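Visitor: Got model.cif for you, mmCIF, C-alpha atoms:
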data_query
#
loop_
_atom_site.group_PDB
_atom_site.id
_atom_site.type_symbol
_atom_site.label_atom_id
_atom_site.label_comp_id
_atom_site.auth_asym_id
_atom_site.auth_seq_id
_atom_site.Cartn_x
_atom_site.Cartn_y
_atom_site.Cartn_z
ATOM 1 C CA MET A 1125 0.000 0.000 0.000
ATOM 2 C CA LEU A 1126 1.306 3.434 -0.900
ATOM 3 C CA ILE A 1127 0.773 6.401 1.415
ATOM 4 C CA ASP A 1128 1.153 10.024 0.403
ATOM 5 C CA ALA A 1129 2.745 11.139 3.658
ATOM 6 C CA HIS A 1130 2.496 14.863 2.944
ATOM 7 C CA CYS A 1131 -0.152 16.461 0.770
ATOM 8 C CA HIS A 1132 -2.014 19.725 1.159
ATOM 9 C CA LEU A 1133 -5.328 18.571 -0.250
ATOM 10 C CA ASP A 1134 -7.047 21.188 1.917
ATOM 11 C CA LEU A 1135 -5.899 23.964 -0.421
ATOM 12 C CA ALA A 1136 -8.531 25.807 -2.433
ATOM 13 C CA ASP A 1137 -6.661 24.705 -5.578
ATOM 14 C CA PHE A 1138 -8.314 21.289 -5.091
ATOM 15 C CA ASP A 1139 -11.846 22.517 -4.426
ATOM 16 C CA SER A 1140 -13.018 21.847 -7.975
ATOM 17 C CA ASP A 1141 -11.500 18.368 -8.369
ATOM 18 C CA ARG A 1142 -10.509 17.030 -4.915
ATOM 19 C CA ASP A 1143 -12.526 13.818 -5.340
ATOM 20 C CA ASP A 1144 -10.920 13.265 -8.736
ATOM 21 C CA VAL A 1145 -7.479 13.704 -7.168
ATOM 22 C CA PHE A 1146 -8.268 10.995 -4.620
ATOM 23 C CA GLN A 1147 -9.617 8.727 -7.368
ATOM 24 C CA ARG A 1148 -6.567 9.182 -9.616
ATOM 25 C CA ALA A 1149 -4.249 8.502 -6.677
ATOM 26 C CA ARG A 1150 -6.128 5.289 -5.853
ATOM 27 C CA GLN A 1151 -5.789 4.208 -9.499
ATOM 28 C CA VAL A 1152 -1.996 4.252 -9.149
ATOM 29 C CA GLY A 1153 -1.981 2.519 -5.762
ATOM 30 C CA VAL A 1154 -2.046 5.348 -3.234
ATOM 31 C CA ARG A 1155 -4.419 4.215 -0.505
ATOM 32 C CA HIS A 1156 -3.860 6.717 2.296
ATOM 33 C CA PHE A 1157 -3.033 10.402 2.640
ATOM 34 C CA VAL A 1158 -1.593 12.554 5.431
ATOM 35 C CA VAL A 1159 -2.789 16.152 5.282
ATOM 36 C CA PRO A 1160 -0.947 18.611 7.541
ATOM 37 C CA GLY A 1161 -2.478 21.934 8.519
ATOM 38 C CA THR A 1162 -0.458 25.088 8.058
ATOM 39 C CA THR A 1163 -2.590 27.945 9.408
ATOM 40 C CA ARG A 1164 -5.359 28.132 11.960
ATOM 41 C CA ALA A 1165 -7.696 29.522 9.283
ATOM 42 C CA ARG A 1166 -7.233 26.335 7.216
ATOM 43 C CA TRP A 1167 -7.608 23.856 10.078
ATOM 44 C CA PRO A 1168 -11.384 23.422 9.541
ATOM 45 C CA LYS A 1169 -10.776 22.126 6.003
ATOM 46 C CA VAL A 1170 -8.072 19.788 7.279
ATOM 47 C CA LEU A 1171 -10.375 18.508 10.023
ATOM 48 C CA ALA A 1172 -13.147 17.928 7.469
ATOM 49 C CA LEU A 1173 -10.766 15.896 5.297
ATOM 50 C CA GLY A 1174 -9.868 13.880 8.391
ATOM 51 C CA GLU A 1175 -13.387 12.473 8.412
ATOM 52 C CA ARG A 1176 -12.439 10.375 5.399
ATOM 53 C CA GLU A 1177 -11.223 6.865 6.201
ATOM 54 C CA ASP A 1178 -8.300 7.254 3.813
ATOM 55 C CA VAL A 1179 -6.987 10.510 5.336
ATOM 56 C CA SER A 1180 -4.958 11.149 8.481
ATOM 57 C CA ILE A 1181 -4.478 14.707 9.655
ATOM 58 C CA ALA A 1182 -2.128 16.945 11.588
ATOM 59 C CA LEU A 1183 -2.415 20.568 12.656
ATOM 60 C CA GLY A 1184 0.364 23.098 12.907
ATOM 61 C CA LEU A 1185 1.561 26.605 12.190
ATOM 62 C CA HIS A 1186 3.843 26.746 9.156
ATOM 63 C CA PRO A 1187 6.757 29.235 9.095
ATOM 64 C CA TYR A 1188 5.901 30.400 5.597
ATOM 65 C CA PHE A 1189 2.676 31.923 6.940
ATOM 66 C CA ILE A 1190 4.235 33.575 9.991
ATOM 67 C CA GLU A 1191 2.475 36.853 9.204
ATOM 68 C CA GLU A 1192 -0.910 35.112 9.457
ATOM 69 C CA HIS A 1193 -0.295 33.555 12.867
ATOM 70 C CA SER A 1194 -1.539 35.337 15.972
ATOM 71 C CA ASP A 1195 -0.564 35.072 19.617
ATOM 72 C CA GLU A 1196 -3.737 33.074 20.274
ATOM 73 C CA ASP A 1197 -2.901 30.395 17.717
ATOM 74 C CA MET A 1198 -0.657 28.368 20.026
ATOM 75 C CA GLN A 1199 -3.446 28.063 22.591
ATOM 76 C CA ALA A 1200 -5.833 27.146 19.783
ATOM 77 C CA LEU A 1201 -3.394 24.442 18.671
ATOM 78 C CA GLU A 1202 -3.186 23.000 22.157
ATOM 79 C CA ASP A 1203 -6.987 23.106 22.444
ATOM 80 C CA ALA A 1204 -7.236 21.253 19.123
ATOM 81 C CA LEU A 1205 -4.755 18.597 20.269
ATOM 82 C CA GLN A 1206 -7.036 17.941 23.227
ATOM 83 C CA ALA A 1207 -10.288 18.094 21.244
ATOM 84 C CA TYR A 1208 -9.298 15.950 18.250
ATOM 85 C CA PRO A 1209 -7.708 12.649 19.268
ATOM 86 C CA GLN A 1210 -7.591 11.617 15.611
ATOM 87 C CA LEU A 1211 -4.664 13.990 14.995
ATOM 88 C CA VAL A 1212 -1.616 11.916 14.091
ATOM 89 C CA ALA A 1213 1.040 14.635 14.419
ATOM 90 C CA VAL A 1214 1.837 18.257 15.102
ATOM 91 C CA GLY A 1215 2.581 20.073 11.900
ATOM 92 C CA GLU A 1216 3.354 21.317 9.582
ATOM 93 C CA CYS A 1217 5.796 23.450 11.492
ATOM 94 C CA GLY A 1218 9.454 24.303 11.155
ATOM 95 C CA ILE A 1219 12.057 26.749 9.961
ATOM 96 C CA ASP A 1220 12.498 28.335 6.552
ATOM 97 C CA ALA A 1221 15.793 30.247 6.628
ATOM 98 C CA ARG A 1222 15.040 31.833 3.260
ATOM 99 C CA LEU A 1223 12.654 34.054 5.234
ATOM 100 C CA SER A 1224 15.479 35.556 7.253
ATOM 101 C CA ASP A 1225 13.543 38.596 8.463
ATOM 102 C CA THR A 1226 11.215 36.348 10.492
ATOM 103 C CA LEU A 1227 13.709 33.761 11.784
ATOM 104 C CA GLU A 1228 13.384 34.761 15.441
ATOM 105 C CA GLN A 1229 9.594 34.476 15.257
ATOM 106 C CA GLN A 1230 9.911 31.165 13.411
ATOM 107 C CA TRP A 1231 12.139 29.676 16.123
ATOM 108 C CA THR A 1232 9.768 30.815 18.865
ATOM 109 C CA LEU A 1233 6.780 29.267 17.100
ATOM 110 C CA PHE A 1234 8.672 26.095 16.184
ATOM 111 C CA ASP A 1235 9.918 25.556 19.736
ATOM 112 C CA ALA A 1236 6.408 26.001 21.127
ATOM 113 C CA GLN A 1237 5.045 23.405 18.698
ATOM 114 C CA LEU A 1238 7.835 20.968 19.489
ATOM 115 C CA ARG A 1239 7.014 21.289 23.187
ATOM 116 C CA LEU A 1240 3.360 20.541 22.446
ATOM 117 C CA ALA A 1241 4.343 17.480 20.416
ATOM 118 C CA LYS A 1242 6.425 16.249 23.323
ATOM 119 C CA ARG A 1243 3.666 16.944 25.858
ATOM 120 C CA TYR A 1244 1.039 15.143 23.764
ATOM 121 C CA ASP A 1245 3.398 12.356 22.657
ATOM 122 C CA LEU A 1246 2.910 13.051 18.956
ATOM 123 C CA PRO A 1247 5.251 12.960 15.983
ATOM 124 C CA VAL A 1248 6.137 16.203 14.201
ATOM 125 C CA ILE A 1249 5.882 17.088 10.506
ATOM 126 C CA ILE A 1250 8.706 19.516 9.838
ATOM 127 C CA HIS A 1251 9.296 22.030 7.077
ATOM 128 C CA CYS A 1252 13.039 22.682 7.111
ATOM 129 C CA VAL A 1253 14.737 24.806 4.485
ATOM 130 C CA GLN A 1254 18.389 25.797 4.739
ATOM 131 C CA ALA A 1255 18.413 24.991 8.458
ATOM 132 C CA ASN A 1256 19.011 21.235 8.686
ATOM 133 C CA ASP A 1257 21.860 21.317 11.201
ATOM 134 C CA LYS A 1258 20.165 23.842 13.476
ATOM 135 C CA VAL A 1259 16.845 21.989 13.387
ATOM 136 C CA ALA A 1260 18.563 18.659 14.095
ATOM 137 C CA LYS A 1261 20.387 20.253 17.018
ATOM 138 C CA ARG A 1262 17.095 21.537 18.442
ATOM 139 C CA LEU A 1263 15.470 18.118 18.024
ATOM 140 C CA ARG A 1264 18.423 16.490 19.794
ATOM 141 C CA GLN A 1265 18.068 18.937 22.684
ATOM 142 C CA LEU A 1266 14.341 18.303 23.093
ATOM 143 C CA GLN A 1267 14.515 14.524 22.718
ATOM 144 C CA LEU A 1268 11.064 14.091 21.240
ATOM 145 C CA PRO A 1269 9.729 10.626 21.994
ATOM 146 C CA ARG A 1270 7.914 10.068 18.682
ATOM 147 C CA GLY A 1271 10.123 11.536 15.948
ATOM 148 C CA GLY A 1272 8.298 12.376 12.757
ATOM 149 C CA MET A 1273 9.130 13.491 9.247
ATOM 150 C CA VAL A 1274 11.226 16.203 7.657
ATOM 151 C CA HIS A 1275 9.514 16.659 4.319
ATOM 152 C CA GLY A 1276 11.009 18.054 1.159
ATOM 153 C CA PHE A 1277 14.477 17.270 2.466
ATOM 154 C CA ALA A 1278 17.336 18.730 0.411
ATOM 155 C CA GLY A 1279 20.359 18.227 2.632
ATOM 156 C CA SER A 1280 23.400 15.991 2.634
ATOM 157 C CA PRO A 1281 23.427 12.250 3.337
ATOM 158 C CA GLU A 1282 25.041 13.039 6.707
ATOM 159 C CA GLN A 1283 22.187 15.403 7.590
ATOM 160 C CA ALA A 1284 19.626 12.780 6.555
ATOM 161 C CA HIS A 1285 21.361 10.226 8.801
ATOM 162 C CA ALA A 1286 21.300 12.725 11.678
ATOM 163 C CA PHE A 1287 17.529 13.136 11.305
ATOM 164 C CA ASN A 1288 17.105 9.362 11.006
ATOM 165 C CA ALA A 1289 19.070 8.826 14.217
ATOM 166 C CA LEU A 1290 16.610 11.162 15.954
ATOM 167 C CA GLY A 1291 13.627 9.096 14.754
ATOM 168 C CA PHE A 1292 12.741 11.206 11.732
ATOM 169 C CA ALA A 1293 12.076 10.020 8.219
ATOM 170 C CA VAL A 1294 13.088 12.356 5.436
ATOM 171 C CA GLY A 1295 10.918 13.034 2.435
ATOM 172 C CA LEU A 1296 13.072 13.652 -0.618
ATOM 173 C CA GLY A 1297 12.528 16.263 -3.275
ATOM 174 C CA GLY A 1298 13.099 19.526 -1.562
ATOM 175 C CA TYR A 1299 14.052 23.099 -2.009
#
Output the file's structure as structure tokens, nothing else.

Guide:
Amino acid sequence: MLIDAHCHLDLADFDSDRDDVFQRARQVGVRHFVVPGTTRARWPKVLALGEREDVSIALGLHPYFIEEHSDEDMQALEDALQAYPQLVAVGECGIDARLSDTLEQQWTLFDAQLRLAKRYDLPVIIHCVQANDKVAKRLRQLQLPRGGMVHGFAGSPEQAHAFNALGFAVGLGGY
């Protein structure tokens, strides 16, 4: 069975043909999908997709949308982790060093989400661009019990092995 471990089928881009996307994926052997949330505003669509038997969901606050996140979003994320036991991970969260003007905010938000993942014993779905060593160091420091996935990985073999040693799979085909 094939699983698409990271797909944003909640995006409006799929509103007109979402069911067709699922059907075409099934035709080539994909039987399950993991849809991570990226902003609080989009969580309702992610949660709705999670009602499908072939979809698992996660909620998080993505660094790319840092301008959209509010101070209340972390409490909302914790509330959601308590309210929705079907969540399989925290994410998508992480660090995108290309957005250098928001790096401090990104680290604050990422650390808070990692702490929630640890508290709720959940894996983490991580967006990591041009920050592999720093993210791995942070994960080593926090010693998350459930690991997770670094998607769109574009680092060295040594960096991939470092993530693997911390309990993280790496999704290839990155930035």

Visitor: Quick check on the file I pasted: which residues fall under the PyMOL selection byres ((chain A and resi 1247-1252) around 7)? Write them as a list in words.

Guide: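 For this structure, the PyMOL selection byres ((chain A and resi 1247-1252) around 7) resolves to Ala1213, Val1214, Gly1215, Glu1216, Cys1217, Gly1218, Ile1219, Asp1220, Ala1241, Asp1245, Leu1246, Val1253, Gln1254, Ala1255, Asn1256, Arg1270, Gly1271, Gly1272, Met1273, Val1274 and His1275 of chain A.
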
Visitor: Need the shell around A:Lys1242: protein/DNA/RNA residues with any atom at most 7 Å away, counting all atoms listed in the file. Skip same-chain ones fewer than 4 positions apart. Format as an MDAnalysis selection string?

Guide: chainID A and resid 1238 1246 1268:1269

Visitor: Expressed in Å to a single decimal, how great is the separation between atom CA of A:Asp1195 and atom CA of A:Leu1227?

Guide: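 Atom CA of A:Leu1227 lies 16.3 Å from atom CA of A:Asp1195.
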
Visitor: Of the candidates A:Phe1138, A:Phe1277, A:Trp1231, A:Tyr1244, which one gets nearest to A:Lys1169 if we count all atoms listed in the file?

Guide: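 Checking each candidate against A:Lys1169, we get A:Phe1138 as the closest.
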
Visitor: So which residues are close to (-1.9, 31.2, 17.5), meaning at most 12 Å away in the file's coordinates with all atoms listed in the file counted, and can you show them as number ranges by chain?

Guide: A: 1162-1165, 1167, 1183-1186, 1189-1204, 1232-1234, 1236-1237

Visitor: Give, as AutoDock Vina command-line options, the centre coordinates and the x, y and z edge lengths in Å to one decimal for an axis-aligned box around all listed atoms of stretch 1141-1148 of chain A, padded by 6 Å on each side.

Guide:
--center_x -9.5 --center_y 13.5 --center_z -7.1 --size_x 18.0 --size_y 21.6 --size_z 17.0

Visitor: To one decimal place in Å, what is the distance between atom CA of A:Ser1224 and atom CA of A:Asp1257?

Guide: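 Straight-line distance from atom CA of A:Ser1224 to atom CA of A:Asp1257 works out to 16.1 Å.
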
Visitor: Which residues match the PyMOL selection byres ((chain A and resi 1177-1181) around 10) in the file above, as an NGL selection string?

Guide: :A and (1127-1130 or 1133 or 1146 or 1154-1161 or 1167 or 1170-1176 or 1182-1183 or 1208 or 1210-1215)

Visitor: Since we have the selection now, will you write its residues out, keeping C-alpha atoms, as a short mmCIF file (atom, residue, chain, number, x, y, z; two decimals), in the frame of the given file?

Guide:
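This went into out.cif:
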data_model
loop_
_atom_site.label_atom_id
_atom_site.label_comp_id
_atom_site.auth_asym_id
_atom_site.auth_seq_id
_atom_site.Cartn_x
_atom_site.Cartn_y
_atom_site.Cartn_z
CA ILE A 1127 0.77 6.40 1.42
CA ASP A 1128 1.15 10.02 0.40
CA ALA A 1129 2.74 11.14 3.66
CA HIS A 1130 2.50 14.86 2.94
CA LEU A 1133 -5.33 18.57 -0.25
CA PHE A 1146 -8.27 11.00 -4.62
CA VAL A 1154 -2.05 5.35 -3.23
CA ARG A 1155 -4.42 4.22 -0.50
CA HIS A 1156 -3.86 6.72 2.30
CA PHE A 1157 -3.03 10.40 2.64
CA VAL A 1158 -1.59 12.55 5.43
CA VAL A 1159 -2.79 16.15 5.28
CA PRO A 1160 -0.95 18.61 7.54
CA GLY A 1161 -2.48 21.93 8.52
CA TRP A 1167 -7.61 23.86 10.08
CA VAL A 1170 -8.07 19.79 7.28
CA LEU A 1171 -10.38 18.51 10.02
CA ALA A 1172 -13.15 17.93 7.47
CA LEU A 1173 -10.77 15.90 5.30
CA GLY A 1174 -9.87 13.88 8.39
CA GLU A 1175 -13.39 12.47 8.41
CA ARG A 1176 -12.44 10.38 5.40
CA ALA A 1182 -2.13 16.94 11.59
CA LEU A 1183 -2.42 20.57 12.66
CA TYR A 1208 -9.30 15.95 18.25
CA GLN A 1210 -7.59 11.62 15.61
CA LEU A 1211 -4.66 13.99 15.00
CA VAL A 1212 -1.62 11.92 14.09
CA ALA A 1213 1.04 14.64 14.42
CA VAL A 1214 1.84 18.26 15.10
CA GLY A 1215 2.58 20.07 11.90
#

Visitor: From the options A:Pro1281, A:Gly1153, A:Gly1291, A:Gly1276, which residue's atoms come nearest to A:Leu1263, counting all atoms listed in the file?

Guide: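 Under the stated criterion, the closest residue is A:Gly1291.
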
Visitor: Calculate how many Å separate atom CA of A:Gln1229 from atom CA of A:Pro1187, rounding to one decimal.

Guide: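 Atom CA of A:Pro1187 lies 8.6 Å from atom CA of A:Gln1229.
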
Visitor: Would you please work out which residue, of A:Arg1243, A:His1285, A:Arg1166, A:Arg1142, is nearest to A:Gln1267 when using only C-alpha atoms?

Guide: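 Closest candidate: A:Arg1243.
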
Visitor: Any chance you could model N, CA and C atoms for stretch 1198-1218 of chain A and send them as a PDB file, in the frame of the given file?

Guide:
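The resulting rebuild38.pdb:
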ATOM      1  N   MET A1198      -1.275  29.477  19.282  1.00  0.00           N
ATOM      2  CA  MET A1198      -0.657  28.368  20.026  1.00  0.00           C
ATOM      3  C   MET A1198      -1.650  27.764  21.020  1.00  0.00           C
ATOM      4  N   GLN A1199      -2.423  28.601  21.689  1.00  0.00           N
ATOM      5  CA  GLN A1199      -3.446  28.063  22.591  1.00  0.00           C
ATOM      6  C   GLN A1199      -4.508  27.310  21.793  1.00  0.00           C
ATOM      7  N   ALA A1200      -4.861  27.833  20.637  1.00  0.00           N
ATOM      8  CA  ALA A1200      -5.833  27.146  19.783  1.00  0.00           C
ATOM      9  C   ALA A1200      -5.290  25.787  19.340  1.00  0.00           C
ATOM     10  N   LEU A1201      -3.993  25.719  19.065  1.00  0.00           N
ATOM     11  CA  LEU A1201      -3.394  24.442  18.671  1.00  0.00           C
ATOM     12  C   LEU A1201      -3.451  23.460  19.831  1.00  0.00           C
ATOM     13  N   GLU A1202      -3.104  23.912  21.012  1.00  0.00           N
ATOM     14  CA  GLU A1202      -3.186  23.000  22.157  1.00  0.00           C
ATOM     15  C   GLU A1202      -4.627  22.553  22.396  1.00  0.00           C
ATOM     16  N   ASP A1203      -5.567  23.471  22.288  1.00  0.00           N
ATOM     17  CA  ASP A1203      -6.987  23.106  22.444  1.00  0.00           C
ATOM     18  C   ASP A1203      -7.383  22.053  21.414  1.00  0.00           C
ATOM     19  N   ALA A1204      -6.916  22.215  20.174  1.00  0.00           N
ATOM     20  CA  ALA A1204      -7.236  21.253  19.123  1.00  0.00           C
ATOM     21  C   ALA A1204      -6.616  19.891  19.406  1.00  0.00           C
ATOM     22  N   LEU A1205      -5.398  19.874  19.932  1.00  0.00           N
ATOM     23  CA  LEU A1205      -4.755  18.597  20.269  1.00  0.00           C
ATOM     24  C   LEU A1205      -5.561  17.841  21.321  1.00  0.00           C
ATOM     25  N   GLN A1206      -6.188  18.567  22.211  1.00  0.00           N
ATOM     26  CA  GLN A1206      -7.036  17.941  23.227  1.00  0.00           C
ATOM     27  C   GLN A1206      -8.386  17.517  22.649  1.00  0.00           C
ATOM     28  N   ALA A1207      -8.931  18.317  21.752  1.00  0.00           N
ATOM     29  CA  ALA A1207     -10.288  18.094  21.244  1.00  0.00           C
ATOM     30  C   ALA A1207     -10.365  17.048  20.132  1.00  0.00           C
ATOM     31  N   TYR A1208      -9.274  16.833  19.415  1.00  0.00           N
ATOM     32  CA  TYR A1208      -9.298  15.950  18.250  1.00  0.00           C
ATOM     33  C   TYR A1208      -8.274  14.827  18.403  1.00  0.00           C
ATOM     34  N   PRO A1209      -8.662  13.753  19.062  1.00  0.00           N
ATOM     35  CA  PRO A1209      -7.708  12.649  19.268  1.00  0.00           C
ATOM     36  C   PRO A1209      -7.277  11.953  17.980  1.00  0.00           C
ATOM     37  N   GLN A1210      -7.967  12.232  16.880  1.00  0.00           N
ATOM     38  CA  GLN A1210      -7.591  11.617  15.611  1.00  0.00           C
ATOM     39  C   GLN A1210      -6.351  12.261  14.986  1.00  0.00           C
ATOM     40  N   LEU A1211      -5.871  13.365  15.532  1.00  0.00           N
ATOM     41  CA  LEU A1211      -4.664  13.990  14.995  1.00  0.00           C
ATOM     42  C   LEU A1211      -3.489  13.034  15.148  1.00  0.00           C
ATOM     43  N   VAL A1212      -2.726  12.872  14.074  1.00  0.00           N
ATOM     44  CA  VAL A1212      -1.616  11.916  14.091  1.00  0.00           C
ATOM     45  C   VAL A1212      -0.265  12.583  14.304  1.00  0.00           C
ATOM     46  N   ALA A1213      -0.234  13.927  14.264  1.00  0.00           N
ATOM     47  CA  ALA A1213       1.040  14.635  14.419  1.00  0.00           C
ATOM     48  C   ALA A1213       0.771  16.116  14.659  1.00  0.00           C
ATOM     49  N   VAL A1214       1.832  16.798  15.066  1.00  0.00           N
ATOM     50  CA  VAL A1214       1.837  18.257  15.102  1.00  0.00           C
ATOM     51  C   VAL A1214       2.555  18.706  13.838  1.00  0.00           C
ATOM     52  N   GLY A1215       1.924  19.569  13.083  1.00  0.00           N
ATOM     53  CA  GLY A1215       2.581  20.073  11.900  1.00  0.00           C
ATOM     54  C   GLY A1215       1.602  20.402  10.800  1.00  0.00           C
ATOM     55  N   GLU A1216       1.987  21.152  10.034  1.00  0.00           N
ATOM     56  CA  GLU A1216       3.354  21.317   9.582  1.00  0.00           C
ATOM     57  C   GLU A1216       3.947  22.543  10.262  1.00  0.00           C
ATOM     58  N   CYS A1217       5.098  22.365  10.817  1.00  0.00           N
ATOM     59  CA  CYS A1217       5.796  23.450  11.492  1.00  0.00           C
ATOM     60  C   CYS A1217       7.261  23.393  11.076  1.00  0.00           C
ATOM     61  N   GLY A1218       8.042  24.382  11.495  1.00  0.00           N
ATOM     62  CA  GLY A1218       9.454  24.303  11.155  1.00  0.00           C
ATOM     63  C   GLY A1218      10.121  25.638  10.967  1.00  0.00           C
TER      64      GLY A1218
END
